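Novice: mmCIF, C-alpha atoms, file work_39.cif:
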data_structure
#
loop_
_atom_site.label_atom_id
_atom_site.label_comp_id
_atom_site.auth_asym_id
_atom_site.auth_seq_id
_atom_site.Cartn_x
_atom_site.Cartn_y
_atom_site.Cartn_z
CA MET A 19 22.03 68.33 58.42
CA LYS A 20 25.14 66.18 58.26
CA ASN A 21 23.53 63.56 60.52
CA LYS A 22 20.55 63.38 58.21
CA ALA A 23 22.79 62.77 55.20
CA LEU A 24 24.71 60.13 57.13
CA THR A 25 21.56 58.29 58.12
CA ALA A 26 20.24 58.27 54.54
CA THR A 27 23.53 56.93 53.18
CA VAL A 28 23.69 54.15 55.81
CA LEU A 29 20.12 53.10 54.95
CA ALA A 30 20.93 52.98 51.27
CA VAL A 31 23.97 50.75 51.89
CA ALA A 32 21.90 48.45 54.11
CA ALA A 33 19.19 48.16 51.45
CA LEU A 34 21.69 47.34 48.72
CA LEU A 35 23.43 44.76 50.92
CA ALA A 36 20.07 43.15 51.67
CA ALA A 37 19.30 43.00 47.93
CA CYS A 38 22.55 41.17 47.30
CA GLY A 39 21.93 38.84 50.30
CA SER A 40 22.76 35.14 50.29
CA THR A 41 19.47 33.28 50.99
CA PRO A 42 18.44 31.71 47.57
CA LYS A 43 15.05 32.61 46.20
CA ALA A 44 12.78 30.32 44.20
CA THR A 45 10.16 30.89 41.46
CA THR A 46 7.78 28.42 39.83
CA LEU A 47 9.65 28.62 36.52
CA LEU A 48 13.01 28.12 38.23
CA ASP A 49 11.74 25.02 40.08
CA GLN A 50 10.41 23.57 36.84
CA THR A 51 13.68 24.36 35.10
CA ARG A 52 15.62 22.57 37.84
CA VAL A 53 13.52 19.42 37.33
CA GLU A 54 14.13 19.47 33.58
CA TYR A 55 17.81 20.18 34.14
CA ARG A 56 18.19 17.09 36.33
CA MET A 57 16.42 14.98 33.69
CA ALA A 58 18.84 16.20 31.03
CA GLN A 59 21.79 15.55 33.36
CA THR A 60 20.77 11.95 33.95
CA SER A 61 19.94 11.23 30.30
CA PRO A 62 22.60 8.97 28.73
CA ASN A 63 21.57 10.12 25.23
CA VAL A 64 22.18 13.76 26.15
CA ALA A 65 25.57 12.83 27.69
CA THR A 66 26.54 10.90 24.55
CA TYR A 67 25.11 13.04 21.78
CA ALA A 68 24.78 16.63 23.13
CA PRO A 69 27.69 17.36 25.50
CA MET A 70 28.35 20.84 24.07
CA GLU A 71 24.71 21.88 24.29
CA MET A 72 24.61 20.49 27.83
CA LYS A 73 27.59 22.67 28.76
CA GLN A 74 25.75 25.77 27.52
CA ALA A 75 22.59 24.70 29.37
CA SER A 76 24.65 24.23 32.55
CA ASP A 77 26.13 27.73 32.19
CA ALA A 78 22.64 29.22 31.75
CA MET A 79 21.36 27.21 34.72
CA ALA A 80 24.26 28.46 36.86
CA LYS A 81 23.40 32.08 35.98
CA ALA A 82 19.77 31.53 36.99
CA GLU A 83 20.86 29.87 40.26
CA THR A 84 23.26 32.76 40.97
CA ALA A 85 20.44 35.22 40.44
CA ALA A 86 18.33 33.21 42.89
CA THR A 87 21.17 33.09 45.43
CA ASP A 88 21.64 36.84 45.01
CA ARG A 89 17.95 37.29 45.69
CA GLU A 90 17.32 39.27 42.53
CA SER A 91 13.76 40.14 41.51
CA ASP A 92 11.45 37.27 40.41
CA ALA A 93 11.27 38.80 36.94
CA ASP A 94 15.08 38.78 36.58
CA ILE A 95 15.37 35.19 37.87
CA ASP A 96 12.61 34.07 35.50
CA LYS A 97 14.35 35.71 32.53
CA LEU A 98 17.49 33.66 33.23
CA ALA A 99 15.51 30.54 34.08
CA TYR A 100 13.63 30.84 30.78
CA LEU A 101 16.90 30.96 28.84
CA ALA A 102 18.22 27.96 30.79
CA ARG A 103 15.00 26.02 30.21
CA GLN A 104 15.07 26.57 26.44
CA LYS A 105 18.72 25.49 26.33
CA ILE A 106 17.91 22.35 28.33
CA ALA A 107 15.10 21.54 25.90
CA LEU A 108 17.61 22.10 23.10
CA THR A 109 19.92 19.38 24.54
CA GLN A 110 17.04 16.90 24.47
CA GLU A 111 16.15 17.77 20.86
CA VAL A 112 19.75 17.51 19.71
CA ALA A 113 20.07 14.13 21.44
CA LYS A 114 16.81 12.98 19.85
CA ARG A 115 18.06 14.03 16.41
CA LYS A 116 21.39 12.25 16.81
CA VAL A 117 19.67 9.07 18.05
CA ALA A 118 17.39 9.14 15.01
CA GLU A 119 20.37 9.74 12.72
CA ALA A 120 22.22 6.80 14.26
CA GLU A 121 19.09 4.72 13.76
CA VAL A 122 18.97 5.81 10.10
CA ALA A 123 22.60 4.83 9.58
CA ASN A 124 22.05 1.46 11.24
CA ALA A 125 18.73 0.81 9.48
CA GLY A 126 20.33 1.75 6.17
CA LYS A 127 22.88 -1.02 6.63
CA GLN A 128 20.14 -3.41 7.66
CA ARG A 129 18.09 -2.49 4.62
CA ASP A 130 21.04 -2.94 2.28
CA GLN A 131 21.59 -6.42 3.72
CA LEU A 132 17.91 -7.26 3.30
CA MET A 133 17.90 -5.99 -0.27
CA LEU A 134 20.94 -8.11 -0.96
CA ASP A 135 19.14 -11.14 0.49
CA GLN A 136 16.12 -10.26 -1.58
CA ARG A 137 18.17 -10.11 -4.75
CA THR A 138 19.86 -13.40 -3.90
CA ASN A 139 16.44 -14.95 -3.43
CA GLU A 140 15.23 -13.54 -6.70
CA ALA A 141 18.29 -14.84 -8.48
CA ASN A 142 17.76 -18.27 -6.95
CA ALA A 143 14.10 -18.24 -7.87
CA ALA A 144 14.98 -17.20 -11.41
CA GLN A 145 17.53 -20.03 -11.58
CA ILE A 146 14.93 -22.51 -10.38
CA ARG A 147 12.43 -21.20 -12.89
CA ALA A 148 15.02 -21.41 -15.67
CA ASP A 149 15.86 -25.01 -14.69
CA ALA A 150 12.19 -25.93 -14.61
CA ALA A 151 11.64 -24.30 -17.98
CA MET A 152 14.59 -26.17 -19.43
CA GLN A 153 13.29 -29.46 -18.07
CA ALA A 154 9.87 -28.68 -19.46
CA ALA A 155 11.45 -27.91 -22.81
CA VAL A 156 13.30 -31.22 -22.78
CA VAL A 157 10.10 -33.06 -21.87
CA ALA A 158 8.22 -31.21 -24.58
CA GLN A 159 10.93 -32.08 -27.08
CA ASN A 160 10.76 -35.73 -26.09
CA ASN A 161 7.00 -35.65 -26.33
CA ALA A 162 7.23 -34.05 -29.74
CA ALA A 163 9.74 -36.67 -30.86
CA ASN A 164 7.51 -39.44 -29.51
CA ALA A 165 4.48 -37.97 -31.17
CA LYS A 166 6.37 -37.70 -34.43
CA GLN A 167 7.49 -41.29 -34.13
CA GLN A 168 3.96 -42.40 -33.34
CA THR A 169 2.64 -40.39 -36.25
CA ALA A 170 5.22 -42.01 -38.50
CA LEU A 171 4.26 -45.44 -37.14
CA ALA A 172 0.57 -44.71 -37.57
CA GLN A 173 1.25 -43.43 -41.06
CA GLY A 174 3.27 -46.53 -41.78
CA ALA A 175 0.48 -48.72 -40.40
CA ALA A 176 -2.09 -46.80 -42.40
CA ALA A 177 0.04 -47.16 -45.49
CA ASP A 178 0.42 -50.88 -44.79
CA ALA A 179 -3.31 -51.28 -44.26
CA GLN A 180 -3.98 -49.33 -47.42
CA ALA A 181 -1.52 -51.48 -49.32
CA ARG A 182 -3.11 -54.62 -47.93
CA ASN A 183 -6.58 -53.39 -48.85
CA ALA A 184 -5.42 -52.57 -52.33
CA GLN A 185 -3.83 -56.02 -52.63
CA LEU A 186 -6.98 -57.66 -51.30
CA GLU A 187 -9.16 -55.78 -53.68
CA ALA A 188 -6.89 -56.65 -56.59
CA GLN A 189 -6.90 -60.32 -55.65
CA LEU A 190 -10.67 -60.35 -55.19
CA ALA A 191 -11.22 -58.53 -58.46
CA ASP A 192 -9.07 -61.15 -60.11
CA MET A 193 -11.47 -63.82 -58.88
CA ALA A 194 -14.52 -61.80 -59.97
CA ALA A 195 -15.73 -61.44 -56.37
CA LYS A 196 -18.99 -59.59 -55.73
CA LYS A 197 -19.83 -57.60 -52.69
CA THR A 198 -23.09 -58.87 -51.13
CA GLU A 199 -24.87 -58.54 -47.79
CA ARG A 200 -22.99 -61.63 -46.56
CA GLY A 201 -19.62 -60.27 -47.61
CA MET A 202 -17.53 -60.98 -50.66
CA VAL A 203 -18.85 -63.85 -52.70
CA ILE A 204 -16.97 -65.58 -55.53
CA THR A 205 -19.11 -67.56 -57.93
CA MET A 206 -17.56 -70.49 -59.80
CA GLY A 207 -19.78 -71.16 -62.76
CA ASP A 208 -20.78 -74.44 -64.38
CA VAL A 209 -18.05 -74.09 -66.99
CA LEU A 210 -15.41 -74.69 -64.36
CA PHE A 211 -16.73 -78.22 -63.84
CA GLY A 212 -17.03 -81.09 -66.26
CA THR A 213 -20.63 -81.65 -67.48
CA ASP A 214 -22.62 -83.48 -64.83
CA GLN A 215 -19.37 -84.01 -62.99
CA ALA A 216 -17.86 -82.81 -59.72
CA SER A 217 -14.25 -82.56 -60.87
CA LEU A 218 -12.79 -79.12 -61.58
CA THR A 219 -11.62 -78.22 -65.07
CA SER A 220 -8.17 -76.65 -65.49
CA ASN A 221 -9.82 -73.20 -65.40
CA GLY A 222 -11.61 -74.24 -62.20
CA MET A 223 -8.31 -75.36 -60.70
CA ALA A 224 -6.79 -71.97 -61.61
CA THR A 225 -9.58 -70.17 -59.77
CA ALA A 226 -9.14 -72.49 -56.78
CA GLN A 227 -5.42 -71.74 -56.82
CA LYS A 228 -6.10 -67.98 -56.71
CA LEU A 229 -8.44 -68.55 -53.79
CA ALA A 230 -5.83 -70.68 -51.97
CA THR A 231 -3.21 -67.94 -52.45
CA PHE A 232 -5.70 -65.37 -51.16
CA LEU A 233 -6.39 -67.49 -48.05
CA GLN A 234 -2.66 -67.94 -47.44
CA ASN A 235 -2.15 -64.19 -47.69
CA ASN A 236 -5.11 -63.46 -45.40
CA PRO A 237 -4.86 -66.11 -42.68
CA GLN A 238 -7.61 -64.41 -40.60
CA ARG A 239 -10.24 -65.06 -43.27
CA ASN A 240 -12.15 -68.33 -43.75
CA VAL A 241 -14.48 -69.49 -46.53
CA LEU A 242 -17.79 -71.25 -46.85
CA VAL A 243 -18.16 -73.28 -50.05
CA GLU A 244 -21.81 -73.62 -51.14
CA GLY A 245 -22.90 -75.95 -53.98
CA PHE A 246 -26.06 -75.45 -56.09
CA ALA A 247 -27.73 -77.37 -58.94
CA ASP A 248 -30.53 -76.73 -61.48
CA SER A 249 -33.95 -78.37 -61.27
CA THR A 250 -33.26 -80.91 -64.02
CA GLY A 251 -33.54 -84.47 -62.71
CA ALA A 252 -34.36 -85.74 -59.22
CA SER A 253 -33.83 -83.31 -56.38
CA ALA A 254 -31.99 -85.95 -54.35
CA TYR A 255 -29.53 -86.36 -57.18
CA ASN A 256 -29.19 -82.60 -57.47
CA GLN A 257 -28.54 -82.37 -53.72
CA VAL A 258 -25.76 -84.93 -53.96
CA LEU A 259 -24.31 -83.23 -57.05
CA SER A 260 -24.25 -79.85 -55.32
CA GLU A 261 -22.50 -81.39 -52.31
CA ARG A 262 -19.97 -83.15 -54.49
CA ARG A 263 -19.14 -80.00 -56.43
CA ALA A 264 -18.69 -78.02 -53.22
CA GLY A 265 -16.64 -80.89 -51.85
CA ALA A 266 -14.46 -80.82 -54.96
CA VAL A 267 -13.57 -77.18 -54.29
CA GLN A 268 -12.92 -77.98 -50.60
CA SER A 269 -10.59 -80.88 -51.53
CA ALA A 270 -8.80 -78.73 -54.09
CA LEU A 271 -8.16 -76.03 -51.47
CA GLN A 272 -6.98 -78.61 -48.95
CA GLY A 273 -4.69 -80.00 -51.60
CA MET A 274 -3.24 -76.50 -51.96
CA GLY A 275 -2.34 -76.32 -48.26
CA ILE A 276 -5.40 -74.66 -46.70
CA ALA A 277 -6.37 -76.13 -43.31
CA PRO A 278 -9.71 -78.07 -43.45
CA ASN A 279 -11.16 -76.05 -40.52
CA ARG A 280 -10.91 -72.87 -42.61
CA VAL A 281 -13.07 -74.25 -45.40
CA ALA A 282 -16.70 -75.03 -44.53
CA MET A 283 -18.97 -76.74 -47.08
CA ARG A 284 -22.74 -76.94 -47.73
CA GLY A 285 -24.77 -78.44 -50.57
CA TYR A 286 -28.14 -76.81 -51.33
CA GLY A 287 -29.29 -78.93 -54.28
CA GLU A 288 -31.77 -77.11 -56.51
CA THR A 289 -32.76 -74.50 -53.87
CA PHE A 290 -31.68 -70.83 -54.09
CA PRO A 291 -31.69 -70.59 -57.89
CA VAL A 292 -30.31 -67.38 -59.37
CA ALA A 293 -32.24 -67.84 -62.65
CA THR A 294 -35.52 -69.43 -63.89
CA ASN A 295 -34.47 -73.01 -64.94
CA ASP A 296 -36.64 -72.48 -68.09
CA THR A 297 -33.83 -72.19 -70.62
CA ALA A 298 -30.53 -74.00 -70.93
CA GLN A 299 -28.69 -70.69 -70.36
CA ASP A 300 -30.56 -69.99 -67.11
CA ARG A 301 -30.09 -73.55 -65.89
CA GLN A 302 -26.35 -73.20 -66.47
CA LEU A 303 -26.38 -70.08 -64.22
CA ASN A 304 -28.08 -72.10 -61.49
CA ARG A 305 -25.42 -74.83 -61.62
CA ARG A 306 -22.70 -73.16 -59.63
CA VAL A 307 -20.50 -73.08 -56.54
CA GLU A 308 -20.47 -69.90 -54.41
CA ILE A 309 -17.54 -69.20 -52.11
CA VAL A 310 -18.39 -66.79 -49.29
CA LEU A 311 -15.45 -64.99 -47.69
CA SER A 312 -15.54 -64.41 -43.95
CA ASP A 313 -14.90 -61.04 -42.32
CA GLU A 314 -11.56 -60.23 -40.66
CA ALA A 315 -12.59 -62.23 -37.56
CA GLY A 316 -13.29 -65.39 -39.56
CA ARG A 317 -17.12 -65.16 -39.21
CA ILE A 318 -19.48 -65.99 -42.05
CA MET A 319 -23.13 -64.90 -42.05
CA PRO A 320 -25.32 -68.04 -42.57
CA ARG A 321 -27.70 -68.13 -45.47
CA MET B 7 34.94 66.62 63.88
CA THR B 8 33.99 68.27 60.59
CA MET B 9 37.01 66.84 58.79
CA TYR B 10 36.33 63.41 60.30
CA SER B 11 32.67 63.53 59.22
CA ARG B 12 33.57 64.57 55.69
CA ARG B 13 35.93 61.62 55.25
CA TRP B 14 33.26 59.21 56.50
CA LEU B 15 30.74 60.67 54.15
CA THR B 16 33.07 60.33 51.17
CA ALA B 17 33.85 56.67 52.01
CA LEU B 18 30.18 55.80 52.32
CA PHE B 19 29.37 57.47 48.96
CA SER B 20 32.08 55.46 47.31
CA VAL B 21 30.79 52.15 48.72
CA ALA B 22 27.24 53.03 47.64
CA ALA B 23 28.42 53.89 44.15
CA VAL B 24 30.37 50.62 43.82
CA LEU B 25 27.41 48.55 45.02
CA ALA B 26 25.02 50.39 42.76
CA VAL B 27 27.21 49.72 39.72
CA GLY B 28 27.80 46.09 40.77
CA CYS B 29 24.12 45.24 41.14
CA SER B 30 22.87 46.97 37.99
CA SER B 31 22.89 45.73 34.38
CA LEU B 32 25.15 47.01 31.69
CA LYS B 33 23.53 49.52 29.41
CA THR B 34 25.63 48.91 26.24
CA PRO B 35 23.72 49.06 22.92
CA ALA B 36 22.30 45.56 22.07
CA THR B 37 22.52 45.99 18.26
CA ALA B 38 24.79 42.93 17.83
CA ASP B 39 22.57 40.69 19.99
CA VAL B 40 19.46 41.65 18.05
CA ALA B 41 21.19 40.98 14.72
CA VAL B 42 22.44 37.55 15.85
CA SER B 43 18.97 36.61 17.10
CA LYS B 44 17.36 37.77 13.86
CA ALA B 45 19.70 35.45 11.94
CA ALA B 46 18.85 32.58 14.33
CA VAL B 47 15.10 33.09 13.73
CA GLU B 48 15.63 33.13 9.97
CA ASN B 49 17.68 29.92 10.12
CA ALA B 50 15.00 28.22 12.20
CA ALA B 51 12.32 29.25 9.71
CA GLY B 52 14.47 27.91 6.87
CA ALA B 53 14.82 24.56 8.67
CA GLY B 54 11.03 24.17 8.86
CA GLY B 55 10.53 25.59 12.35
CA VAL B 56 7.12 27.03 11.42
CA GLU B 57 5.90 23.59 10.45
CA TYR B 58 7.56 21.44 13.14
CA ALA B 59 7.78 23.84 16.15
CA PRO B 60 5.05 26.48 15.73
CA VAL B 61 4.94 27.45 19.44
CA GLU B 62 8.67 28.23 19.66
CA MET B 63 8.70 29.99 16.30
CA THR B 64 5.80 32.25 17.22
CA ALA B 65 7.44 33.09 20.57
CA ALA B 66 10.75 33.89 18.86
CA ARG B 67 9.13 36.16 16.26
CA GLU B 68 7.04 38.02 18.81
CA LYS B 69 10.12 38.61 20.96
CA MET B 70 12.06 39.90 17.93
CA VAL B 71 9.30 42.45 17.26
CA LEU B 72 9.42 43.55 20.91
CA ALA B 73 13.24 43.65 20.87
CA ASN B 74 13.24 45.90 17.79
CA LYS B 75 10.68 48.14 19.50
CA ALA B 76 12.91 48.32 22.62
CA MET B 77 15.87 49.26 20.42
CA ALA B 78 13.83 52.07 18.91
CA ASP B 79 12.92 53.19 22.44
CA LYS B 80 16.65 53.03 23.32
CA ASP B 81 15.83 50.51 26.10
CA TYR B 82 18.95 48.50 25.33
CA LYS B 83 18.73 46.28 28.40
CA LEU B 84 15.23 45.07 27.47
CA ALA B 85 16.25 44.71 23.83
CA GLN B 86 19.22 42.55 24.82
CA GLU B 87 17.08 40.36 27.08
CA LEU B 88 14.38 39.87 24.44
CA ALA B 89 16.97 39.13 21.78
CA ALA B 90 18.56 36.46 24.00
CA GLN B 91 15.17 34.80 24.61
CA ALA B 92 14.26 34.97 20.92
CA GLN B 93 17.56 33.33 20.08
CA ALA B 94 16.99 30.51 22.57
CA ASP B 95 13.47 30.00 21.20
CA ALA B 96 14.69 29.99 17.60
CA LYS B 97 17.49 27.51 18.28
CA LEU B 98 15.06 25.19 20.03
CA ALA B 99 12.61 25.49 17.13
CA GLN B 100 15.31 24.64 14.62
CA SER B 101 16.49 21.70 16.69
CA LYS B 102 12.94 20.41 17.05
CA ALA B 103 12.43 20.64 13.29
CA ASN B 104 15.68 18.75 12.68
CA SER B 105 14.97 16.03 15.22
CA THR B 106 11.42 15.54 13.91
CA LYS B 107 12.71 15.21 10.35
CA ALA B 108 15.43 12.77 11.40
CA GLN B 109 12.90 10.72 13.32
CA ALA B 110 10.59 10.67 10.28
CA ALA B 111 13.47 9.45 8.12
CA ALA B 112 14.28 6.73 10.66
CA ASP B 113 10.61 5.69 10.79
CA ALA B 114 10.37 5.57 7.00
CA LEU B 115 13.48 3.41 6.85
CA GLN B 116 12.16 1.08 9.53
CA GLU B 117 8.92 0.77 7.59
CA SER B 118 10.75 -0.07 4.40
CA ILE B 119 12.74 -2.68 6.32
CA ARG B 120 9.53 -4.15 7.69
CA VAL B 121 8.07 -4.39 4.17
CA LEU B 122 11.31 -5.92 2.86
CA ARG B 123 11.25 -8.55 5.61
CA ILE B 124 7.67 -9.50 4.78
CA GLU B 125 8.58 -9.77 1.11
CA LEU B 126 11.63 -11.87 1.95
CA GLU B 127 9.63 -14.27 4.12
CA ARG B 128 7.01 -14.62 1.40
CA ASN B 129 9.64 -15.44 -1.23
CA LEU B 130 11.43 -18.00 0.92
#
As structure tokens, how would this structure be written, given the file I've shared?
Specialist:
Amino acid sequence: MKNKALTATVLAVAALLAACGSTPKATTLLDQTRVEYRMAQTSPNVATYAPMEMKQASDAMAKAETAATDRESDADIDKLAYLARQKIALTQEVAKRKVAEAEVANAGKQRDQLMLDQRTNEANAAQIRADAAMQAAVVAQNNAANAKQQTALAQGAAADAQARNAQLEAQLADMAAKKTERGMVITMGDVLFGTDQASLTSNGMATAQKLATFLQNNPQRNVLVEGFADSTGASAYNQVLSERRAGAVQSALQGMGIAPNRVAMRGYGETFPVATNDTAQDRQLNRRVEIVLSDEAGRIMPR
Amino acid sequence: MTMYSRRWLTALFSVAAVLAVGCSSLKTPATADVAVSKAAVENAAGAGGVEYAPVEMTAAREKMVLANKAMADKDYKLAQELAAQAQADAKLAQSKANSTKAQAAADALQESIRVLRIELERNL
């Protein structure tokens, strides 16, 4: 009876000692946890950013290893290994977070610098645009001033031209000029010459003087002096008379300082009558000298 | 002989008792552990654990349910173990959520820097 009890007690002690024996056990989860533990141990980020979490993971790992050394049941080892594994994963996550936060801090500085650069650029660009705009404004102002000046000049020129035209018209009206297809034509009638003579009367000289003044004022214009006679008498005589009368006007103009090359002369005798030659009044109209004014370029359309 | 045997027997019983106590777990009530783990799970959920670490969050919540059941069954050892695992899961979930969010912020910042650089180069 006592021996039986002794034997049972000895067996129980032996069994318990065996359970607490020193050969380490291993499970799949524990092996995996060891691998991950070594990775965390060698990670510089974990060492830098998660030392406290690593300490806790190490403690949990040590408990799991102790359980393995003590040859506890697989289920018990796995429970401890699981805790260690989650804590190891935690170290990696904490390290990851801190790395990202450091990156944010660094990138924030970088971004601030870039934004500063951007603003500097914008300011510079704005300055350049402002300068360009100012230059453009100055140019525009100059242009406007030039245009104004030109307008004033043009207006002045127009006014001058208008004044000249008015003067011209006044002068021509004074000489009873008529506008014809060949230009302005001034007719000096028979009364401005002595009867059957080529010399100008005082009235004729006055008309010639007006014409000379006009030619002096308008140096670009020339004149053609044309003499005509009526049909009374021989045509040869009439031809000569017409030439002499035209010549008298030419000489008078030359005497008043008009260059000979500006005054052309033709005698047409009894041709180109302006009236019938039937009455004394009509014949007087035919006896005449016509002075044709050239255009601005000095040209005269031939008869 | 009888006296001698009795003494031996008593010594052996004592050793057995010590070993038995030494190799067994404590059976104190795990109420505090369960409460701490519950708080850890709630914190993780608040940090976005469900969104960023669904596997760990689900594991933590399931273990909390089992831990509460073990408490009701008065299996305090199991309750304590489950609470410890749930806590580890919850902490990992929270940390994963935080690291993912921080990484997203860093990525967004890097992207904005990239865009800024392009803009800068275009303006130069």
Novice: At a cut-off of 10 Å, which residues of chain A touch chain B? Count only C-alpha atoms and give the answer as a ChimeraX atom specification.
Specialist: /A:20-21,23-24,27-28,30-32,34-35,37-38,88,90,94,97-98,100-126,128-133,135-137,139-140,143
Novice: Identify, on the basis of all atoms listed in the file, every residue whose closest approach to A:Leu259 does not exceed 9 Å; exclude the query and any residue fewer than 2 positions from it along the same chain; express the result as a list in words.
Specialist: Asp214, Gln215, Ala216, Gly245, Phe246, Ala247, Ala254, Tyr255, Asn256, Gln257, Glu261, Arg262, Arg263, Ala264, Gly285 and Gly287 of chain A
Novice: Keeping only C-alpha atoms, write the selected residues to a file as a short mmCIF file (atom, residue, chain, number, x, y, z; two decimals), keeping the file's coordinate frame.
Specialist:
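Listed below is the output, selection.cif:
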data_model
loop_
_atom_site.label_atom_id
_atom_site.label_comp_id
_atom_site.auth_asym_id
_atom_site.auth_seq_id
_atom_site.Cartn_x
_atom_site.Cartn_y
_atom_site.Cartn_z
CA ASP A 214 -22.62 -83.48 -64.83
CA GLN A 215 -19.37 -84.01 -62.99
CA ALA A 216 -17.86 -82.81 -59.72
CA GLY A 245 -22.90 -75.95 -53.98
CA PHE A 246 -26.06 -75.45 -56.09
CA ALA A 247 -27.73 -77.37 -58.94
CA ALA A 254 -31.99 -85.95 -54.35
CA TYR A 255 -29.53 -86.36 -57.18
CA ASN A 256 -29.19 -82.60 -57.47
CA GLN A 257 -28.54 -82.37 -53.72
CA GLU A 261 -22.50 -81.39 -52.31
CA ARG A 262 -19.97 -83.15 -54.49
CA ARG A 263 -19.14 -80.00 -56.43
CA ALA A 264 -18.69 -78.02 -53.22
CA GLY A 285 -24.77 -78.44 -50.57
CA GLY A 287 -29.29 -78.93 -54.28
#
Novice: Evaluate the PyMOL selection byres ((chain A and resi 189) around 12) on the structure here and hand back the selected residues as a list of chain:residue names.
Specialist: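 Output from the PyMOL selection byres ((chain A and resi 189) around 12), applied to this file: A:Arg182, A:Asn183, A:Ala184, A:Gln185, A:Leu186, A:Glu187, A:Ala188, A:Leu190, A:Ala191, A:Asp192, A:Met193, A:Ala194, A:Ala195, A:Met202, A:Ile204, A:Thr225, A:Gln227, A:Lys228, A:Leu229, A:Ala230, A:Thr231, A:Phe232, A:Leu233, A:Gln234, A:Asn235, A:Asn236.
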Novice: Put a box with edges along x, y and z around all the listed atoms of stretch 40-44 of chain B, pad it by 6 Å on each side, then give me its centre and sizes in Å, one decimal, as JSON.
Specialist:
{"center_x": 19.9, "center_y": 39.1, "center_z": 16.0, "size_x": 17.1, "size_y": 17.0, "size_z": 16.2}
Novice: Show which residues sit within 8 Å of A:Asp208, as a list in words. Count all atoms listed in the file, and ignore same-chain residues fewer than 2 positions away.
Specialist: Met206, Leu210, Phe211, Gly212, Thr213, Gln302, Leu303, Arg305, Arg306 and Val307 of chain A
Novice: Care to translate the PyMOL selection byres ((chain A and resi 250) around 10) into actual residues of this file, as number ranges by chain?
Specialist: A: 247-249, 251-253, 255-256, 288, 295-296, 301
Novice: For a test of reading the model, state the distance in Å between atom CA of B:Pro35 and atom CA of B:Val71, rounded to one decimal.
Specialist: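 A separation of 16.8 Å between them.
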Novice: Let me make sure I understand: among A:Val209, A:Ala293, A:Ala155, A:Ala282, which one has the smallest atom-to-atom distance to A:Asn240 if we use all atoms listed in the file?
Specialist: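 Nearest to A:Asn240: A:Ala282.
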Novice: Rank nothing, just name the residue among A:Ala154, A:Met72, A:Ala224, A:Val292 nearest to A:Ala270, using all atoms listed in the file.
Specialist: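 That would be A:Ala224, the residue with the smallest distance to A:Ala270.
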Novice: Tell me which of B:Thr16, B:Val61, B:Leu84, B:Ala89 sits closest to B:Ala46, counting all atoms listed in the file.
Specialist: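 The closest residue to B:Ala46 is B:Ala89.
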Novice: Between atom CA of A:Gly273 and atom CA of A:Ser217, what is the distance in Å, rounded to a tenth?
Specialist: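 Here the two named atoms are 13.6 Å from each other.
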Novice: Please measure the separation of atom CA of A:Thr51 and atom CA of A:Lys81, giving the value in Å to one decimal.
Specialist: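 Between these atoms lies a distance of 12.4 Å.
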Novice: Starting from the PyMOL selection byres ((chain B and resi 40) around 8), expand the selection into actual residues of this file and give them as an mmCIF file with C-alpha atoms, in the coordinates of the input.
Specialist:
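Full text of expr.cif as output:
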data_model
loop_
_atom_site.group_PDB
_atom_site.id
_atom_site.type_symbol
_atom_site.label_atom_id
_atom_site.label_comp_id
_atom_site.auth_asym_id
_atom_site.auth_seq_id
_atom_site.Cartn_x
_atom_site.Cartn_y
_atom_site.Cartn_z
ATOM 1 C CA ALA B 36 22.300 45.560 22.070
ATOM 2 C CA THR B 37 22.520 45.990 18.260
ATOM 3 C CA ALA B 38 24.790 42.930 17.830
ATOM 4 C CA ASP B 39 22.570 40.690 19.990
ATOM 5 C CA ALA B 41 21.190 40.980 14.720
ATOM 6 C CA VAL B 42 22.440 37.550 15.850
ATOM 7 C CA SER B 43 18.970 36.610 17.100
ATOM 8 C CA LYS B 44 17.360 37.770 13.860
ATOM 9 C CA MET B 70 12.060 39.900 17.930
ATOM 10 C CA ALA B 73 13.240 43.650 20.870
ATOM 11 C CA ASN B 74 13.240 45.900 17.790
ATOM 12 C CA ALA B 85 16.250 44.710 23.830
ATOM 13 C CA GLN B 86 19.220 42.550 24.820
ATOM 14 C CA ALA B 89 16.970 39.130 21.780
ATOM 15 C CA ALA B 90 18.560 36.460 24.000
#
